[in-house]
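Notes to accompany the following structure.
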Amino acid sequence: EVQLVDSGGGFIQPGQSLRLSCTPSGITFGDNGVSWVRQAPGKGLEWVSFIRGRRYGGTTEYAASVKGRFTISRDYGRGIAYLQMNSLKIEDTGVYYCSRVEMTTMAVDYWGQGTVVTVSS
Amino acid sequence: QTVVTQEPSVTVSPGGTVTLTCASSTGAVTSGYFPNWFQQKPGQAPRSLIYNSDKRHSWTPARFSGSLLGDKAALTLSGVQPEDEADYYCQLYAGGAQVMFGGGTKLTVL
């Protein structure tokens, strides 16, 4: 089955860190980009971060709400994408989804099942 | 900061046709925004339906079609099925860190 597997979520206190992983199964990321998108409880989708494929420089982008606290990366050898989240805030709580993005059309095709991050004291 | 606007809720009868729209606060939505459309059912991850304004993924049923309608992106469902009841989101990309989702449209099939 073709899928992305999100993992690494959990219950964590404000100010602490967490690293999410996105592992493809049945597909590879190849030269595609990878995005992280989150969804607060009862709310809509919010884009968080994006990393371009290596052929496109592997450069990164961040939403203003997470810039300076979150870092997106890829392990090209293992084919896994990560989202390192530092200095977590209560408002970072939500379900985090990774997705694959085709670079020439910016087509989002596959999504992970989501991993839940709860930031609470 | 660009705001992307969708209808909050729409109701359609089974077998009917409905068009959902996606507008940008900065002006017309063009193909240069690479519009994507997603479907999300309760408790599930989003599912991709349309990319690049009007291209279906291999798994997207033919009753879903995307287009540019006036100054907006649009998603039209023809011959709506009960299982199409879901939230629908558009996404626009304006380059760099300008990746924007609309607030979503809750589609009720009644």
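Residues are referred to by chain and number: the chain letter is A, B, ... according to the order shown in the structure tokens, the number counts from 1 in that chain, and ligands are numbered separately from 1 in the order shown.
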Got a sec: who's within 8 Å of Gly30 of chain A, counting only C-alpha atoms, leaving out chain neighbours fewer than 2 positions off, as a ChimeraX atom specification? /A:28,32,53,79
Kindly export the residues of the current selection with N, CA, C and O atoms, as a JSON list (two decimals), in the first residue's frame.
```json
[["chain", "number", "residue", "atom", "x", "y", "z"],
["A", 28, "THR", "N", 8.66, 6.72, -2.83],
["A", 28, "THR", "CA", 9.81, 7.44, -2.29],
["A", 28, "THR", "C", 9.56, 8.94, -2.43],
["A", 28, "THR", "O", 8.67, 9.36, -3.18],
["A", 32, "ASN", "N", 10.92, 15.04, -5.04],
["A", 32, "ASN", "CA", 9.74, 15.80, -4.62],
["A", 32, "ASN", "C", 10.01, 16.57, -3.35],
["A", 32, "ASN", "O", 10.93, 16.27, -2.60],
["A", 53, "GLY", "N", 12.98, 19.37, -2.98],
["A", 53, "GLY", "CA", 13.81, 18.22, -3.29],
["A", 53, "GLY", "C", 15.26, 18.63, -3.46],
["A", 53, "GLY", "O", 15.57, 19.80, -3.74],
["A", 79, "GLY", "N", 15.61, 8.26, 3.25],
["A", 79, "GLY", "CA", 14.35, 8.64, 2.61],
["A", 79, "GLY", "C", 13.28, 9.08, 3.57],
["A", 79, "GLY", "O", 12.08, 8.89, 3.31]]
```
Got a sec: who's within 12 Å of Gln40 of chain B, counting only C-alpha atoms, leaving out chain neighbours fewer than 2 positions off, as a PyMOL selection string? (chain A and resi 39+44-45+111+113) or (chain B and resi 37-38+42-49+83-90+104-107)
Can you tell me, as a VMD selection string, what residues are no more than 7 Å from segment 93-102 of chain A when counting only C-alpha atoms, ignoring any on the same chain fewer than 3 positions away? chain A and resid 6 22 29 32 to 41 90 105 to 119
Based on DSSP run over this structure's backbone, return all residues of chain A in strand (DSSP E), as an mmCIF file with C-alpha atoms, in the first residue's frame.
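What follows is the written file out.cif:
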```cif
data_model
loop_
_atom_site.group_PDB
_atom_site.id
_atom_site.type_symbol
_atom_site.label_atom_id
_atom_site.label_comp_id
_atom_site.auth_asym_id
_atom_site.auth_seq_id
_atom_site.Cartn_x
_atom_site.Cartn_y
_atom_site.Cartn_z
ATOM 1 C CA GLN A 3 1.348 5.695 2.084
ATOM 2 C CA LEU A 4 3.254 8.152 4.215
ATOM 3 C CA VAL A 5 3.617 7.243 7.868
ATOM 4 C CA ASP A 6 3.731 10.100 10.371
ATOM 5 C CA SER A 7 5.137 9.386 13.808
ATOM 6 C CA GLY A 10 2.967 12.938 22.014
ATOM 7 C CA PHE A 11 1.993 14.841 25.133
ATOM 8 C CA ILE A 12 4.558 17.456 26.061
ATOM 9 C CA LEU A 18 9.614 16.976 19.894
ATOM 10 C CA ARG A 19 10.743 15.482 16.589
ATOM 11 C CA LEU A 20 8.220 14.191 14.082
ATOM 12 C CA SER A 21 9.105 11.722 11.319
ATOM 13 C CA CYS A 22 7.513 11.094 7.930
ATOM 14 C CA THR A 23 8.387 7.739 6.376
ATOM 15 C CA PRO A 24 7.198 6.797 2.887
ATOM 16 C CA SER A 25 5.998 3.258 2.208
ATOM 17 C CA GLY A 33 9.228 18.289 -1.844
ATOM 18 C CA VAL A 34 7.786 17.501 1.567
ATOM 19 C CA SER A 35 5.340 19.666 3.474
ATOM 20 C CA TRP A 36 4.130 19.581 7.045
ATOM 21 C CA VAL A 37 0.577 20.765 7.696
ATOM 22 C CA ARG A 38 -1.194 20.902 11.062
ATOM 23 C CA GLN A 39 -4.756 21.049 12.259
ATOM 24 C CA LEU A 45 -5.635 23.095 7.894
ATOM 25 C CA GLU A 46 -2.585 25.295 8.492
ATOM 26 C CA TRP A 47 0.621 25.020 6.477
ATOM 27 C CA VAL A 48 3.708 24.746 8.704
ATOM 28 C CA SER A 49 6.826 24.050 6.661
ATOM 29 C CA PHE A 50 8.171 22.863 3.303
ATOM 30 C CA ILE A 51 11.471 21.444 2.064
ATOM 31 C CA THR A 60 13.264 25.258 3.339
ATOM 32 C CA GLU A 61 10.308 27.510 4.098
ATOM 33 C CA TYR A 62 8.398 28.146 7.311
ATOM 34 C CA PHE A 70 10.800 24.492 13.979
ATOM 35 C CA THR A 71 13.302 22.920 11.592
ATOM 36 C CA ILE A 72 12.377 20.704 8.651
ATOM 37 C CA SER A 73 14.953 18.296 7.277
ATOM 38 C CA ARG A 74 15.389 15.180 5.206
ATOM 39 C CA ASP A 75 17.618 12.154 5.499
ATOM 40 C CA ILE A 80 12.715 10.084 5.718
ATOM 41 C CA ALA A 81 11.591 13.636 6.434
ATOM 42 C CA TYR A 82 11.589 15.221 9.870
ATOM 43 C CA LEU A 83 10.121 18.177 11.707
ATOM 44 C CA GLN A 84 12.108 19.218 14.768
ATOM 45 C CA MET A 85 9.883 21.316 17.006
ATOM 46 C CA GLY A 94 -2.909 19.641 16.897
ATOM 47 C CA VAL A 95 -2.617 16.838 14.390
ATOM 48 C CA TYR A 96 0.474 17.113 12.194
ATOM 49 C CA TYR A 97 0.398 15.696 8.683
ATOM 50 C CA CYS A 98 3.237 15.328 6.225
ATOM 51 C CA SER A 99 2.600 15.345 2.494
ATOM 52 C CA ARG A 100 4.558 14.916 -0.712
ATOM 53 C CA VAL A 101 4.722 17.789 -3.177
ATOM 54 C CA GLU A 102 5.650 17.436 -6.847
ATOM 55 C CA ALA A 107 0.822 19.021 -6.726
ATOM 56 C CA VAL A 108 0.239 17.600 -3.265
ATOM 57 C CA ASP A 109 -0.408 13.917 -3.769
ATOM 58 C CA TYR A 110 0.118 11.655 -0.742
ATOM 59 C CA TRP A 111 -0.574 12.467 2.891
ATOM 60 C CA THR A 115 0.409 12.313 14.413
ATOM 61 C CA VAL A 116 -1.074 14.080 17.441
ATOM 62 C CA VAL A 117 0.923 16.701 19.331
ATOM 63 C CA THR A 118 -0.514 17.944 22.609
ATOM 64 C CA VAL A 119 1.275 20.784 24.381
#
```
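The nearest approach to Arg69 of chain A among the residues A:Lys43, A:Ser120, A:Ser17, A:Ile27, with only C-alpha atoms taken into account, belongs to A:Ser17.
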Any idea what's packed within 9 Å of Gln81 of chain B, counting only C-alpha atoms, ignoring anything in its chain fewer than 5 positions away? Could you give it as a PyMOL selection string? chain B and resi 13-16+109
Got time to write the residues from that selection, C-alpha atoms, as an mmCIF file, in the first residue's frame?
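Writing the result to part03.cif gives the following:
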```cif
data_model
loop_
_atom_site.group_PDB
_atom_site.id
_atom_site.type_symbol
_atom_site.label_atom_id
_atom_site.label_comp_id
_atom_site.auth_asym_id
_atom_site.auth_seq_id
_atom_site.Cartn_x
_atom_site.Cartn_y
_atom_site.Cartn_z
ATOM 1 C CA SER B 13 -29.060 17.263 -2.720
ATOM 2 C CA PRO B 14 -27.897 13.794 -3.754
ATOM 3 C CA GLY B 15 -27.382 13.685 -7.503
ATOM 4 C CA GLY B 16 -27.071 17.435 -7.697
ATOM 5 C CA VAL B 109 -25.458 16.195 1.258
#
```
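The space between atom CA of Gly42 of chain A and atom CA of Ser67 of chain B spans 28.5 Å.
Pairwise distance (atom CA of Ala74 of chain B, atom CA of Ile50 of chain B) equals 10.2 Å.
Each of A:Thr104, A:Ser121, A:Asn86, A:Gln13 was compared to Gly68 of chain A using only C-alpha atoms, and A:Asn86 turns out to be the nearest.
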Using only C-alpha atoms, determine which residues lie at most 8 Å from Leu68 of chain B, disregarding the query and same-chain residues fewer than 5 positions distant; provide the list as a PyMOL selection string. chain B and resi 29-31+53-54+73-74
Given only C-alpha atoms as the basis, pick out the residue of A:Ser87, A:Asp92, A:Val66, A:Gly77 nearest to chain B. A:Val66
Please measure the separation of atom CA of Met100 of chain B and atom CA of Arg54 of chain A, giving the value in Å to one decimal. 23.3 Å
Which is closest to chain A among B:Gly66, B:Thr2, B:Thr17, B:Gly32, if we use only C-alpha atoms? B:Gly32
Residues near Tyr33 of chain B, cut-off 8 Å, only C-alpha atoms, skip fewer than 6 positions along chain, as a list of chain:residue names: B:Leu92, B:Tyr93, B:Ala94
